[in-house]
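Asks: Got a structure for you, questions after.
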Amino acid sequence: MKKKTIAALLALTMVMPASSMVHAEESEGKHLTAGATTGFFGAESLDPAYNWDGWIMSIYGISENLFRLNNNFEPEPWLCESYENTDDLTWVFTLRDDVTFSNGNKMTADSVKKCFERTAEQNARLADTVSIDSMEADGQTLTIKTSVPEPTLLNDLCDPIMAVYDSESPIDEELGASCTGPFVATEFEAMTEVKLKKYAGYWGGGEPKLDTVDLKIVDDQDALNMALQNGEIDLVAQLPAAGTDLFADDDNFVMDSVTSTRTSFLMYNLNTPALQDVNVRNALSMAIDREGFANVVFKGFADPSYGVYSASLPYGGTDGLDLAVSSYDPEGAAELLKEAGYADTDGDGIVDKDGENLSLRFVTYSYNTEFLQFADIYQAQLAEIGVDLQVETYDVLDDTMESGEFDIAGLNYAMAPTGSEAYFLNMIFLPGASNNYNGYDNAKVDELADKLAGTYDKDDRINLMKQMEQEVLNDGAYAFFANQKLICVYNKKVTGFEINPTEYYLITNTIDITE
């Protein structure tokens, strides 16, 4: 398998004598070192408005939002004290009066207004998330008028793209923006390491119990696991299922997991001539052994998926849906390719049509252990039906996806992290959406999305989502195959840690560590 990697040597920095790390931090009070791969910890900057870095800054405990999700994906006031929805387009928020940014400046309605305005200028995802028409600030009162009804606005305000930060103060090139969270960056090396110290003026539930935190971004999962076992780090976030056996029966560690909305799926590039045939796309989907992948690769920490959304969501699962693909069926896949006009005319083991072999470029993450295993298995499964799969892996997929230089992309997204039904829909399925990399366009889906945007009744929203899911499945432009759990493992001396299904909240003021 061909691999392109920027950070292949980073793991070497992790394997150091445990004593050297302990002594280095003894003078700094209570210290925790956590590690994860690029996909969970890797930020290119500490600017909440840049790309997806607001998501990572929320995980770091640097940034916060007006609202925060509980474990049931219900939005609750956070930096906001109360709110009123005065009409379909107008929301009035009363902000807390005791919140300061890490530079000491007070959070006011005007500062929140200006940070939202700056983020909207810097990142198109804000407009994809919420349609702000205008904002007015008066002391601690922020009034937001939307251009269309926003039934899920409170959920949307939990999205880290809506992080609150001091946009009026200079944003440091290295250390980023001043936010309201319990921790502040003291050193930052993109995609490699972040050092944090507590913000003693933190407003939320008391001063952080940890004095310092060191976050390691390492794409060698074996090195991360070994570092935890050796005492070099205290916590591994988003542990791959393959690593669970190492810690399951070890009393020195605690392993927590929670069902999230994260899903592994394939995106088929509809600009690739061969993939413009739905029979070819369905054949590729039919060749995925979903049950084997969930049970063997994920060791049961995932559920096989034939629908779009996880069954844990009220609008998820496959009940009431007509499935073109409902099982692993290589024979059926081969028959679909035959119907599409493919046959191995030259005996080279690869089916062809009009003199062109069915050879496809598959791109995925270099750091995702499960997807690396999936790529190997899928490559072999497709070879059995005469499809040649060329696999390439990348530390950062953004440029490759935006350029359209792929045929199939193996992706792993949280599909409803804010609890909003429209989150993934607005990000993936609509023309011009921020992550619509494959050219998907369905007028019926667009129509349903428009109806959903103005619908407040919960049952009606679920019905609209089910109709949309049926359209997506009919088109076969994606293959959703595994709904997974978020797994974290940490040394038993770590206390006050709570795993959250949203993935937004990891480093908090409640985490503590015993000597």
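By order of appearance in the structure tokens: chains A, B, ..., then residues from 1 within every chain, and ligands from 1 in the order shown.
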Per residue of range 266-289 of chain A within 7 Å of range 457-477 of chain A, which atom pair is closest and at what distance in Å (one decimal), using only C-alpha atoms, listed by chain and increasing number, as CSV?
Replies:
residue,atom,partner,partner_atom,distance
A:Met267,CA,A:Ala477,CA,6.5
A:Tyr268,CA,A:Ala477,CA,5.5
A:Val278,CA,A:Gly476,CA,6.3
A:Arg281,CA,A:Gly476,CA,6.1
A:Asn282,CA,A:Gly476,CA,6.0
Asks: For N, CA and C atoms, I'd like the residues from the last selection saved as a compact mmCIF listing (two decimals), in the first residue's frame.
Replies:
# COMPACT_ATOMS: atom_id res chain seq x y z
N MET A 267 -17.19 7.95 0.07
CA MET A 267 -17.75 8.97 -0.81
C MET A 267 -17.26 8.66 -2.23
N TYR A 268 -18.20 8.44 -3.15
CA TYR A 268 -17.87 8.16 -4.54
C TYR A 268 -17.85 9.47 -5.33
N VAL A 278 -24.94 4.18 -11.36
CA VAL A 278 -25.37 3.77 -10.02
C VAL A 278 -25.14 2.28 -9.79
N ARG A 281 -21.66 1.98 -8.52
CA ARG A 281 -21.57 2.45 -7.13
C ARG A 281 -22.18 1.43 -6.17
N ASN A 282 -23.32 0.88 -6.54
CA ASN A 282 -23.95 -0.12 -5.66
C ASN A 282 -23.12 -1.39 -5.59
Asks: Applying 7 Å and only C-alpha atoms, which residues near Ala414 in chain A remain after dropping the ones on its own chain fewer than 3 positions away? List them as a PyMOL selection string.
Replies: chain A and resi 261-263+417
Asks: Rounded to one decimal, what separation in Å do you get between CA of Gly181 in chain A and CA of Asp110 in chain A?
Replies: 18.7 Å
Asks: Pick out each residue of range 135-245 of chain A that DSSP on the backbone tags as helix (DSSP H, G or I); I need them as JSON, numbers by chain.
Replies: {"A": [153, 154, 155, 156, 160, 161, 162, 221, 222, 223, 224, 225, 226, 227, 228, 229, 241, 242, 243, 244, 245]}
Asks: Filtering to C-alpha atoms, could you give me those residues as a short mmCIF file (atom, residue, chain, number, x, y, z; two decimals), in the first residue's frame?
Replies:
data_model
loop_
_atom_site.label_atom_id
_atom_site.label_comp_id
_atom_site.auth_asym_id
_atom_site.auth_seq_id
_atom_site.Cartn_x
_atom_site.Cartn_y
_atom_site.Cartn_z
CA LEU A 153 -30.37 27.36 16.35
CA LEU A 154 -29.53 26.38 19.95
CA ASN A 155 -27.93 23.16 18.68
CA ASP A 156 -26.08 25.12 16.03
CA PRO A 160 -17.34 24.91 17.59
CA ILE A 161 -17.53 27.03 14.44
CA MET A 162 -19.57 29.31 16.73
CA GLN A 221 -1.01 4.43 17.48
CA ASP A 222 1.30 1.67 18.75
CA ALA A 223 3.67 4.34 20.05
CA LEU A 224 0.78 6.09 21.81
CA ASN A 225 -0.36 2.85 23.45
CA MET A 226 3.16 2.00 24.53
CA ALA A 227 3.66 5.49 25.96
CA LEU A 228 0.50 5.06 28.06
CA GLN A 229 1.61 1.63 29.28
CA ALA A 241 -10.74 -0.66 18.75
CA ALA A 242 -7.63 -2.65 17.83
CA GLY A 243 -5.95 -1.32 20.97
CA THR A 244 -8.69 -2.22 23.43
CA ASP A 245 -7.26 -5.68 24.14
#
Asks: Could you pull out the residues in range 17-229 of chain A that DSSP calls strand (DSSP E) from the backbone, as a PyMOL selection string?
Replies: chain A and resi 31-36+67-69+75-77+80-87+90-95+132-138+141-146+183-189+193-198+212-217
Asks: I'd like the contact shell of Ser310 in chain A - 9 Å cut-off, only C-alpha atoms, skipping same-chain residues fewer than 6 positions apart - returned as a VMD selection string.
Replies: chain A and resid 260 to 263 303 316 to 318 415 482 to 484
Asks: With all heavy atoms kept, could you save the residues just selected as a PDB file, in the first residue's frame?
Replies:
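Generated file (part_4.pdb):
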ATOM      1  N   SER A 260     -21.227   7.397  19.802  1.00  0.00           N
ATOM      2  CA  SER A 260     -21.245   8.731  19.232  1.00  0.00           C
ATOM      3  C   SER A 260     -22.025   8.695  17.916  1.00  0.00           C
ATOM      4  O   SER A 260     -22.613   7.673  17.563  1.00  0.00           O
ATOM      5  CB  SER A 260     -19.814   9.224  18.980  1.00  0.00           C
ATOM      6  OG  SER A 260     -19.216   8.510  17.913  1.00  0.00           O
ATOM      7  N   THR A 261     -22.015   9.800  17.205  1.00  0.00           N
ATOM      8  CA  THR A 261     -22.658   9.817  15.886  1.00  0.00           C
ATOM      9  C   THR A 261     -21.618   9.651  14.788  1.00  0.00           C
ATOM     10  O   THR A 261     -21.899   9.889  13.618  1.00  0.00           O
ATOM     11  CB  THR A 261     -23.437  11.125  15.668  1.00  0.00           C
ATOM     12  OG1 THR A 261     -22.514  12.229  15.591  1.00  0.00           O
ATOM     13  CG2 THR A 261     -24.414  11.362  16.798  1.00  0.00           C
ATOM     14  N   ARG A 262     -20.407   9.236  15.159  1.00  0.00           N
ATOM     15  CA  ARG A 262     -19.326   9.105  14.188  1.00  0.00           C
ATOM     16  C   ARG A 262     -19.549   7.872  13.313  1.00  0.00           C
ATOM     17  O   ARG A 262     -19.824   6.781  13.806  1.00  0.00           O
ATOM     18  CB  ARG A 262     -17.984   9.032  14.907  1.00  0.00           C
ATOM     19  CG  ARG A 262     -16.784   8.983  13.976  1.00  0.00           C
ATOM     20  CD  ARG A 262     -15.501   9.300  14.697  1.00  0.00           C
ATOM     21  NE  ARG A 262     -15.457  10.697  15.107  1.00  0.00           N
ATOM     22  CZ  ARG A 262     -15.116  11.700  14.305  1.00  0.00           C
ATOM     23  NH1 ARG A 262     -14.785  11.461  13.048  1.00  0.00           N
ATOM     24  NH2 ARG A 262     -15.097  12.929  14.747  1.00  0.00           N
ATOM     25  N   THR A 263     -19.387   8.072  12.024  1.00  0.00           N
ATOM     26  CA  THR A 263     -19.656   7.021  11.059  1.00  0.00           C
ATOM     27  C   THR A 263     -18.523   6.927  10.037  1.00  0.00           C
ATOM     28  O   THR A 263     -17.999   7.938   9.582  1.00  0.00           O
ATOM     29  CB  THR A 263     -20.987   7.300  10.317  1.00  0.00           C
ATOM     30  OG1 THR A 263     -22.061   7.261  11.261  1.00  0.00           O
ATOM     31  CG2 THR A 263     -21.239   6.269   9.236  1.00  0.00           C
ATOM     32  N   ASP A 303     -21.338  -0.636  15.034  1.00  0.00           N
ATOM     33  CA  ASP A 303     -22.480  -1.354  14.475  1.00  0.00           C
ATOM     34  C   ASP A 303     -22.426  -1.253  12.960  1.00  0.00           C
ATOM     35  O   ASP A 303     -22.163  -0.167  12.417  1.00  0.00           O
ATOM     36  CB  ASP A 303     -23.796  -0.738  14.972  1.00  0.00           C
ATOM     37  CG  ASP A 303     -23.952  -0.848  16.474  1.00  0.00           C
ATOM     38  OD1 ASP A 303     -23.627  -1.910  17.032  1.00  0.00           O
ATOM     39  OD2 ASP A 303     -24.385   0.152  17.095  1.00  0.00           O
ATOM     40  N   GLY A 316     -32.455   7.885  12.589  1.00  0.00           N
ATOM     41  CA  GLY A 316     -31.465   6.989  12.009  1.00  0.00           C
ATOM     42  C   GLY A 316     -31.977   5.582  11.812  1.00  0.00           C
ATOM     43  O   GLY A 316     -33.168   5.296  11.929  1.00  0.00           O
ATOM     44  N   GLY A 317     -31.051   4.665  11.525  1.00  0.00           N
ATOM     45  CA  GLY A 317     -31.423   3.273  11.291  1.00  0.00           C
ATOM     46  C   GLY A 317     -31.999   3.070   9.895  1.00  0.00           C
ATOM     47  O   GLY A 317     -31.970   3.958   9.041  1.00  0.00           O
ATOM     48  N   THR A 318     -32.544   1.885   9.667  1.00  0.00           N
ATOM     49  CA  THR A 318     -33.058   1.533   8.333  1.00  0.00           C
ATOM     50  C   THR A 318     -34.548   1.222   8.321  1.00  0.00           C
ATOM     51  O   THR A 318     -35.092   0.873   7.271  1.00  0.00           O
ATOM     52  CB  THR A 318     -32.301   0.308   7.784  1.00  0.00           C
ATOM     53  OG1 THR A 318     -32.437  -0.793   8.688  1.00  0.00           O
ATOM     54  CG2 THR A 318     -30.825   0.623   7.584  1.00  0.00           C
ATOM     55  N   MET A 415     -21.641  12.695  12.452  1.00  0.00           N
ATOM     56  CA  MET A 415     -22.730  13.091  11.566  1.00  0.00           C
ATOM     57  C   MET A 415     -23.779  13.970  12.230  1.00  0.00           C
ATOM     58  O   MET A 415     -24.523  14.669  11.534  1.00  0.00           O
ATOM     59  CB  MET A 415     -23.396  11.844  10.981  1.00  0.00           C
ATOM     60  CG  MET A 415     -22.437  11.029  10.124  1.00  0.00           C
ATOM     61  SD  MET A 415     -23.182   9.525   9.468  1.00  0.00           S
ATOM     62  CE  MET A 415     -24.311  10.190   8.252  1.00  0.00           C
ATOM     63  N   ALA A 482     -20.231   1.751   8.994  1.00  0.00           N
ATOM     64  CA  ALA A 482     -19.971   1.445  10.403  1.00  0.00           C
ATOM     65  C   ALA A 482     -20.240   2.661  11.278  1.00  0.00           C
ATOM     66  O   ALA A 482     -19.701   3.740  11.033  1.00  0.00           O
ATOM     67  CB  ALA A 482     -18.527   0.985  10.590  1.00  0.00           C
ATOM     68  N   ASN A 483     -21.100   2.472  12.275  1.00  0.00           N
ATOM     69  CA  ASN A 483     -21.340   3.491  13.304  1.00  0.00           C
ATOM     70  C   ASN A 483     -20.523   3.104  14.533  1.00  0.00           C
ATOM     71  O   ASN A 483     -20.737   2.047  15.121  1.00  0.00           O
ATOM     72  CB  ASN A 483     -22.825   3.548  13.670  1.00  0.00           C
ATOM     73  CG  ASN A 483     -23.720   3.779  12.466  1.00  0.00           C
ATOM     74  OD1 ASN A 483     -24.673   3.048  12.242  1.00  0.00           O
ATOM     75  ND2 ASN A 483     -23.405   4.791  11.679  1.00  0.00           N
ATOM     76  N   GLN A 484     -19.587   3.942  14.930  1.00  0.00           N
ATOM     77  CA  GLN A 484     -18.632   3.525  15.939  1.00  0.00           C
ATOM     78  C   GLN A 484     -18.780   4.247  17.274  1.00  0.00           C
ATOM     79  O   GLN A 484     -19.501   5.232  17.399  1.00  0.00           O
ATOM     80  CB  GLN A 484     -17.211   3.732  15.423  1.00  0.00           C
ATOM     81  CG  GLN A 484     -16.785   5.184  15.287  1.00  0.00           C
ATOM     82  CD  GLN A 484     -15.454   5.318  14.600  1.00  0.00           C
ATOM     83  OE1 GLN A 484     -15.377   5.208  13.375  1.00  0.00           O
ATOM     84  NE2 GLN A 484     -14.414   5.556  15.377  1.00  0.00           N
TER      85      GLN A 484
END
Asks: For range 340-348 of chain A, list every protein, DNA or RNA residue within 12 Å, evaluated using only C-alpha atoms, and leave out those in the same chain fewer than 6 positions away; present the list as a PDB file with C-alpha atoms, in the first residue's frame.
Replies:
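New file selection.pdb:
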ATOM      1  CA  ALA A 274     -17.095   4.908 -14.211  1.00  0.00           C
ATOM      2  CA  LEU A 275     -18.778   6.052 -10.997  1.00  0.00           C
ATOM      3  CA  GLN A 276     -21.544   7.924 -12.787  1.00  0.00           C
ATOM      4  CA  ASP A 277     -23.320   4.571 -13.138  1.00  0.00           C
ATOM      5  CA  VAL A 278     -25.370   3.773 -10.015  1.00  0.00           C
ATOM      6  CA  ASN A 279     -24.918   0.045 -10.686  1.00  0.00           C
ATOM      7  CA  VAL A 280     -21.161   0.453 -10.336  1.00  0.00           C
ATOM      8  CA  ARG A 281     -21.574   2.446  -7.131  1.00  0.00           C
ATOM      9  CA  ASN A 282     -23.949  -0.117  -5.661  1.00  0.00           C
ATOM     10  CA  ALA A 283     -21.584  -2.920  -6.662  1.00  0.00           C
ATOM     11  CA  ALA A 333     -21.801  -7.028  -6.928  1.00  0.00           C
ATOM     12  CA  ALA A 334     -20.229  -8.901  -9.825  1.00  0.00           C
ATOM     13  CA  ASP A 354     -14.644   0.278 -23.839  1.00  0.00           C
ATOM     14  CA  GLY A 355     -10.991  -0.652 -23.416  1.00  0.00           C
ATOM     15  CA  GLU A 356     -10.680   0.933 -19.951  1.00  0.00           C
ATOM     16  CA  ASN A 357      -9.920  -1.147 -16.856  1.00  0.00           C
ATOM     17  CA  LEU A 358     -12.046  -0.461 -13.786  1.00  0.00           C
ATOM     18  CA  SER A 359      -9.153   0.910 -11.753  1.00  0.00           C
ATOM     19  CA  ALA A 383     -10.045  -7.671  -6.528  1.00  0.00           C
ATOM     20  CA  ILE A 385     -14.868  -9.090  -8.455  1.00  0.00           C
ATOM     21  CA  GLY A 386     -12.293  -7.670 -10.855  1.00  0.00           C
ATOM     22  CA  VAL A 387     -11.940  -4.103  -9.567  1.00  0.00           C
ATOM     23  CA  ASP A 388      -8.446  -2.657  -9.140  1.00  0.00           C
TER      24      ASP A 388
END
Asks: Restrict the calculation to only C-alpha atoms, then for each residue of range 147-243 of chain A with any atom at most 10 Å from an atom of range 86-99 of chain A give the closest atom pair and their distance in Å to one decimal, rows by chain and rising residue number, as JSON lines.
Replies:
{"residue": "A:Ser147", "atom": "CA", "partner": "A:Leu89", "partner_atom": "CA", "distance": 6.8}
{"residue": "A:Val148", "atom": "CA", "partner": "A:Leu89", "partner_atom": "CA", "distance": 6.4}
{"residue": "A:Pro149", "atom": "CA", "partner": "A:Asp88", "partner_atom": "CA", "distance": 5.2}
{"residue": "A:Glu150", "atom": "CA", "partner": "A:Leu89", "partner_atom": "CA", "distance": 7.2}
{"residue": "A:Pro151", "atom": "CA", "partner": "A:Asp88", "partner_atom": "CA", "distance": 8.2}
{"residue": "A:Leu153", "atom": "CA", "partner": "A:Trp91", "partner_atom": "CA", "distance": 9.0}
{"residue": "A:Leu154", "atom": "CA", "partner": "A:Trp91", "partner_atom": "CA", "distance": 9.8}
{"residue": "A:Thr180", "atom": "CA", "partner": "A:Val99", "partner_atom": "CA", "distance": 7.1}
{"residue": "A:Gly181", "atom": "CA", "partner": "A:Val99", "partner_atom": "CA", "distance": 9.8}
{"residue": "A:Gly201", "atom": "CA", "partner": "A:Val99", "partner_atom": "CA", "distance": 8.6}
{"residue": "A:Tyr202", "atom": "CA", "partner": "A:Val99", "partner_atom": "CA", "distance": 7.5}
{"residue": "A:Trp203", "atom": "CA", "partner": "A:Val99", "partner_atom": "CA", "distance": 5.6}
{"residue": "A:Gly204", "atom": "CA", "partner": "A:Val99", "partner_atom": "CA", "distance": 8.3}
Asks: Could you check which of A:Tyr440, A:Phe253, A:Phe298, A:Tyr165 is closest to Lys492 in chain A, using only C-alpha atoms?
Replies: A:Phe253
Asks: Any idea what's packed within 10 Å of range 367-375 of chain A, counting only C-alpha atoms, ignoring anything in its chain fewer than 4 positions away? Could you give it as a ChimeraX atom specification?
Replies: /A:1,5,7-8,36-39,218-222,239-243,264-265,288-289,293-294,297-298,362-363,379-381,389-396,410-412
Asks: Could you list, as number ranges by chain, every residue within 7 Å of range 500-515 of chain A, counting only C-alpha atoms and ignoring same-chain residues fewer than 5 positions away?
Replies: A: 30, 55, 58-61, 71, 182, 207-210, 258-260, 417-418, 493-495
Asks: Grab the CA of Asn252 in chain A to CA of Gly35 in chain A distance for me, in Å with one decimal place.
Replies: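 Value for the CA of Asn252 in chain A-CA of Gly35 in chain A distance: 17.4 Å.
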Asks: Write out as a ChimeraX atom specification each polymer residue whose atoms come within 12 Å of Trp52 in chain A, counting only C-alpha atoms; drop sequence neighbours fewer than 2 positions from it.
Replies: /A:39-50,54-59,119,122-126,159-163,396,398,434-435,504
Asks: My list of candidates is A:Glu121, A:Glu335, A:Asp249, A:Asp214. Which is closest to Asp234 in chain A when distances are computed with only C-alpha atoms?
Replies: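 So, comparing all the options, the nearest one is A:Asp214.
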Asks: Work out how far apart CA of Leu32 in chain A and CA of Val213 in chain A are and give it in Å to one decimal.
Replies: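 Calculated distance between CA of Leu32 in chain A and CA of Val213 in chain A is 4.9 Å.
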Asks: Would you please work out which residue, of A:Glu74, A:Glu447, A:Glu117, A:Asp441, is nearest to Asp166 in chain A when using only C-alpha atoms?
Replies: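 Nearest candidate to Asp166 in chain A out of A:Glu74, A:Glu447, A:Glu117, A:Asp441: A:Glu117.
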